[in-house]
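These notes are about the structure you will find just below.
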Number of protein chains: 2
Amino acid sequence: MDAVRPDMPTPPGRKPRRPAPARQPLTQDLIVETAVRVLDTEGLDAVTMRRVAQELGTGPASLYAHVSGKDELRELMLDRVAAEIRLPEPDPARWQEQLKELATEIRRVWTAHRDIAKVSMGGIPTGPHLLAVAEVQLELMRAGGVPPRIAGLAVDTLGMFIDADAIEDTIYTARTPPGEDPWEYFRGHFEEITAYFRALPADRFPNIVGMVDELTSPSGDERFQFGLDILVRGIASYVAPRDGD
Amino acid sequence: MDAVRPDMPTPPGRKPRRPAPARQPLTQDLIVETAVRVLDTEGLDAVTMRRVAQELGTGPASLYAHVSGKDELRELMLDRVAAEIRLPEPDPARWQEQLKELATEIRRVWTAHRDIAKVSMGGIPTGPHLLAVAEVQLELMRAGGVPPRIAGLAVDTLGMFIDADAIEDTIYTARTPPGEDPWEYFRGHFEEITAYFRALPADRFPNIVGMVDELTSPSGDERFQFGLDILVRGIASYVAPRDGD
DNA sequence: CGCGGCGTAGAACGGTGTTCGTAACGAACG
DNA sequence: CGTTCGTTACGAACACCGTTCTACGCCGCG
């Protein structure tokens with residue numbers, strides 16, 4: 001061992017290789033937790049291997065011992081966030097309300113973590129927490145009498161809708177550059193778009209110019225509840241095949 | 001002009017700066033067309049400034065004289081692709097069918113150009129062709145008696161649904177690496193996923209393991225028509241407010 | 001013929017994901 | 001206790017990316 005006596009000065013050319021190795025040991029959980037923190041504060045684009053490593057006081061190469069790459073890190077982040085989704089105790093009498101409540105809950109978690117929905121969109125759920133959500137959705141629908149095939153399709157469709165809505169939401173809100181008032185920034189963009197729509201040639205786009213206010217209404221909640229209501233009503237229409245469509 | 005006499009050898013250090021400047025002049029249309037060609041053959045990730053420039057036999061800097069950056073190029077690509085969407089002549093009696101047909105047509109074009117839907121998702125349509133599509137959608141619904149507010153929301157919701165479905169589709173099909181049989185590649189991934197679902201603990205995920213076949217059915221068309229049917233039925237339920245829900 | 005403007009593009013800057021090879025560590029073992 | 005060995009950490013490097021700076025060559029105009 002080349003332990004240097006404490007009273008001796010360090011010989012020239014002998015640099016302390018690791019100034020403070022007393023960090024807590026790198027784990028996958030720690031990496032994912034750090035990545036989610038970066039996601040929340042700086043957005044998905046800022047979640048780079050280098051940025052996460054820097055946050056942990058190390059280099060990017062160190063992460064690859066615990067995570068196979070950026071794609072896996074993103075999936076792990078998604079599942080960690082999905083753990084925050086509060087799942088309902090199924091009550092067959094209220095399955096439609098519960099399905100809507102669960103969708104709203106997912107949306108709440110998704111939008112709370114900025115653009116995590118971009119990771120969810122276009123990926124097959126594999127993480128345990130994500131699977132638990134799908135399991136409850138299936139359970140709710142099956143208990144409500146929805147046929148298996150319809151329930152399977154509906155899980156896909158519902159997931160697509162929730163992800164898409166959350167993504168659409170972030171383009172209005174979370175795109176604001178750091179250090180700027182989100183609302184003010186949003187107002188600016190918003191008015192720019194309405195002005196553009198209003199300036200369109202009215203002979204070619206009569207409906208668009210005539211419905212500017214309806215089209216650019218910023219109320220994402222209303223749009224979400226609208227689509228959700230339609231979807232659940234449509235799913236429910238399949239419970240009794242002889243009920244008539 | 002430093003034209004060298006043909007019988008003279010080129011002096012040392014005097015390299016022909018431009019070997020073949022006889023290219024057709026760079027235009028925005030040419031750049032966008034080339035970018036779409038790269039998109040079709042190699043996917044959206046391969047559409048880089050450098051790759052497009054290389055395809056045109058030039059350097060990346062040359063593109064910036066005709067396109068403000070990558071974001072604008074992607075929007076231009078989207079609108080160019082949107083030009084391929086065949087728009088129907090509105091027939092108020094068939095507005096629901098026409099709305100579904102138009103959605104299916106958009107999906108056809110989207111999936112024909114791999115993951116162009118990723119550009120559409122999470123962006124406000126501004127290009128002329130994209131606006132024309134929205135205009136027709138509004139026209140169809142308004143002629144069918146859909147209230148303005150509902151029609152505005154429905155355009156958003158429909159667009160989200162179509163984009164999300166097209167994106168979901170690409171993760172099954174277009175992710176195949178170049179030079180490999182897409183179907184074979186898809187089969188491999190597909191069976192891997194079903195095997196994973198089947199291996200799940202049946203006590204925690206009884207519905208998922210019990211419905212593997214319904215969940216992983218590769219028929220994207222069926223899922224699309226299912227969601228589309230539900231959405232249009234929901235929209236139509238708003239035409240006569242006193243009709244009862 | 002001279003010249004100015006503009007499209008072109010080489011080089012470079014700062015960033016990215018990922019890999020390589022080496023250095024340090026802890027535990028097991030003689 | 002000394003050595004060895006497998007594991008982990010990480011600086012450096014590679015091949016890319018989007019974008020900008022700047023010089024250069026060509027064309028049309030005066």
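Ligands are numbered from 1 in the order shown, chains are lettered A, B, ... in the order of the structure tokens, and residues start at 1 in each chain.
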Any idea which chain A residues end up within 10 Å of chain C if we count only C-alpha atoms (C1' of nucleotides), as a list in words please?
->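 Result: Arg17, Arg18, Thr48, Met49, Arg50, Pro60, Ala61, Tyr64, Gly69 and Lys70 of chain A.
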Residues of chain D within 10 Å of chain B, using only C-alpha atoms (C1' of nucleotides), as a PyMOL selection string?
-> chain D and resi 16-20+24-25
Filtering to C-alpha atoms (C1' of nucleotides), could you give me those residues as a PDB file, in the first residue's frame?
ATOM      1  C1'  DC D  16     -21.654  11.981 -34.189  1.00  0.00           C
ATOM      2  C1'  DC D  17     -25.039  16.066 -33.671  1.00  0.00           C
ATOM      3  C1'  DG D  18     -26.966  21.356 -34.538  1.00  0.00           C
ATOM      4  C1'  DT D  19     -25.339  25.640 -35.319  1.00  0.00           C
ATOM      5  C1'  DT D  20     -22.237  29.692 -36.364  1.00  0.00           C
ATOM      6  C1'  DC D  24     -14.449  32.435 -51.166  1.00  0.00           C
ATOM      7  C1'  DG D  25     -16.351  32.116 -55.908  1.00  0.00           C
TER       8       DG D  25
END
Please identify every residue of chain A that has at least one atom no farther than 7 Å from an atom of chain B, counting only C-alpha atoms, and for each give the shortest atom pair and the distance in Å to one decimal, arranged by chain then increasing number, as a Markdown table.
| residue | atom | partner | partner_atom | distance |
| --- | --- | --- | --- | --- |
| A:Gly122 | CA | B:Glu168 | CA | 4.8 |
| A:Glu135 | CA | B:Phe205 | CA | 5.9 |
| A:Leu138 | CA | B:Asn207 | CA | 6.3 |
| A:Glu139 | CA | B:Asn207 | CA | 6.5 |
| A:Pro148 | CA | B:Glu214 | CA | 6.8 |
| A:Arg149 | CA | B:Glu214 | CA | 5.4 |
| A:Gly152 | CA | B:Leu215 | CA | 4.9 |
| A:Leu153 | CA | B:Arg223 | CA | 5.9 |
| A:Thr157 | CA | B:Gly227 | CA | 6.4 |
| A:Met160 | CA | B:Ala164 | CA | 5.8 |
| A:Phe161 | CA | B:Phe161 | CA | 6.4 |
| A:Ala164 | CA | B:Met160 | CA | 5.8 |
| A:Ile167 | CA | B:Gly122 | CA | 5.9 |
| A:Glu168 | CA | B:Gly122 | CA | 4.8 |
| A:Ile171 | CA | B:Gly122 | CA | 6.2 |
| A:Phe205 | CA | B:Glu135 | CA | 5.9 |
| A:Asn207 | CA | B:Glu135 | CA | 6.1 |
| A:Ile208 | CA | B:Glu135 | CA | 6.0 |
| A:Glu214 | CA | B:Arg149 | CA | 5.4 |
| A:Leu215 | CA | B:Gly152 | CA | 4.9 |
| A:Arg223 | CA | B:Leu153 | CA | 6.0 |
| A:Gly227 | CA | B:Thr157 | CA | 6.5 |
| A:Ile230 | CA | B:Gly234 | CA | 4.8 |
| A:Leu231 | CA | B:Ile230 | CA | 6.1 |
| A:Gly234 | CA | B:Ile230 | CA | 4.8 |
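Residues within 12 Å of Arg94 of chain A, counting only C-alpha atoms (C1' of nucleotides) and excluding same-chain residues fewer than 2 positions away, are Pro88, Glu89, Pro90, Asp91, Pro92, Gln96, Glu97, Gln98, Leu99, Lys100, Glu101, Leu102, Leu140, Met141, Ala143, Gly144, Gly145 and Ala236 of chain A.
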Written file, previous selection with N, CA and C atoms, as a CSV table (one decimal), in the first residue's frame:
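Wrote it out as again05.csv, contents follow:
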chain,number,residue,atom,x,y,z
A,88,PRO,N,-57.0,2.7,-7.5
A,88,PRO,CA,-58.2,2.6,-6.7
A,88,PRO,C,-58.5,1.2,-6.4
A,89,GLU,N,-59.3,1.0,-5.3
A,89,GLU,CA,-59.8,-0.3,-5.0
A,89,GLU,C,-61.1,-0.5,-5.9
A,90,PRO,N,-61.0,-1.6,-6.7
A,90,PRO,CA,-62.1,-1.7,-7.7
A,90,PRO,C,-63.5,-1.9,-7.0
A,91,ASP,N,-64.4,-1.1,-7.5
A,91,ASP,CA,-65.8,-1.2,-7.1
A,91,ASP,C,-66.7,-1.3,-8.4
A,92,PRO,N,-67.1,-2.6,-8.7
A,92,PRO,CA,-67.8,-2.9,-9.9
A,92,PRO,C,-68.9,-1.9,-10.3
A,96,GLN,N,-67.0,2.8,-14.4
A,96,GLN,CA,-66.8,3.9,-15.3
A,96,GLN,C,-66.2,5.1,-14.7
A,97,GLU,N,-66.8,5.5,-13.5
A,97,GLU,CA,-66.2,6.6,-12.8
A,97,GLU,C,-64.7,6.3,-12.4
A,98,GLN,N,-64.5,5.1,-11.9
A,98,GLN,CA,-63.2,4.8,-11.5
A,98,GLN,C,-62.2,4.8,-12.6
A,99,LEU,N,-62.7,4.4,-13.8
A,99,LEU,CA,-61.8,4.4,-15.0
A,99,LEU,C,-61.4,5.8,-15.3
A,100,LYS,N,-62.4,6.7,-15.2
A,100,LYS,CA,-62.1,8.1,-15.5
A,100,LYS,C,-61.2,8.7,-14.4
A,101,GLU,N,-61.5,8.3,-13.2
A,101,GLU,CA,-60.6,8.9,-12.1
A,101,GLU,C,-59.2,8.4,-12.2
A,102,LEU,N,-59.0,7.1,-12.6
A,102,LEU,CA,-57.7,6.6,-12.8
A,102,LEU,C,-57.0,7.3,-13.9
A,140,LEU,N,-60.9,-3.2,-13.7
A,140,LEU,CA,-62.1,-2.4,-13.7
A,140,LEU,C,-63.0,-2.7,-14.8
A,141,MET,N,-62.5,-2.8,-16.0
A,141,MET,CA,-63.4,-3.0,-17.2
A,141,MET,C,-64.0,-4.4,-17.2
A,143,ALA,N,-64.6,-6.3,-14.6
A,143,ALA,CA,-65.6,-6.3,-13.6
A,143,ALA,C,-66.9,-5.6,-14.0
A,144,GLY,N,-66.7,-4.6,-14.9
A,144,GLY,CA,-67.8,-3.9,-15.5
A,144,GLY,C,-68.5,-4.6,-16.6
A,145,GLY,N,-68.0,-5.7,-17.0
A,145,GLY,CA,-68.6,-6.5,-18.0
A,145,GLY,C,-68.2,-6.2,-19.4
A,236,ALA,N,-68.2,1.7,-22.7
A,236,ALA,CA,-69.4,1.1,-22.0
A,236,ALA,C,-70.4,0.6,-22.9
Please provide the set of residues having any atom within 8 Å of Ala35 of chain A, restricted to only C-alpha atoms (C1' of nucleotides), with same-chain residues fewer than 6 positions apart removed, written as a ChimeraX atom specification.
-> /A:47,52,77
Keeping only N, CA, C and O atoms, write those residues as a compact mmCIF listing (two decimals), in the first residue's frame.
# COMPACT_ATOMS: atom_id res chain seq x y z
N VAL A 47 -32.01 15.73 -19.53
CA VAL A 47 -31.62 14.46 -18.92
C VAL A 47 -30.65 13.75 -19.86
O VAL A 47 -31.03 12.92 -20.68
N VAL A 52 -26.65 13.90 -15.70
CA VAL A 52 -26.95 13.08 -14.53
C VAL A 52 -25.65 12.73 -13.80
O VAL A 52 -25.59 12.80 -12.57
N MET A 77 -36.91 5.64 -15.46
CA MET A 77 -37.49 6.88 -14.97
C MET A 77 -39.01 6.82 -15.07
O MET A 77 -39.73 7.20 -14.13
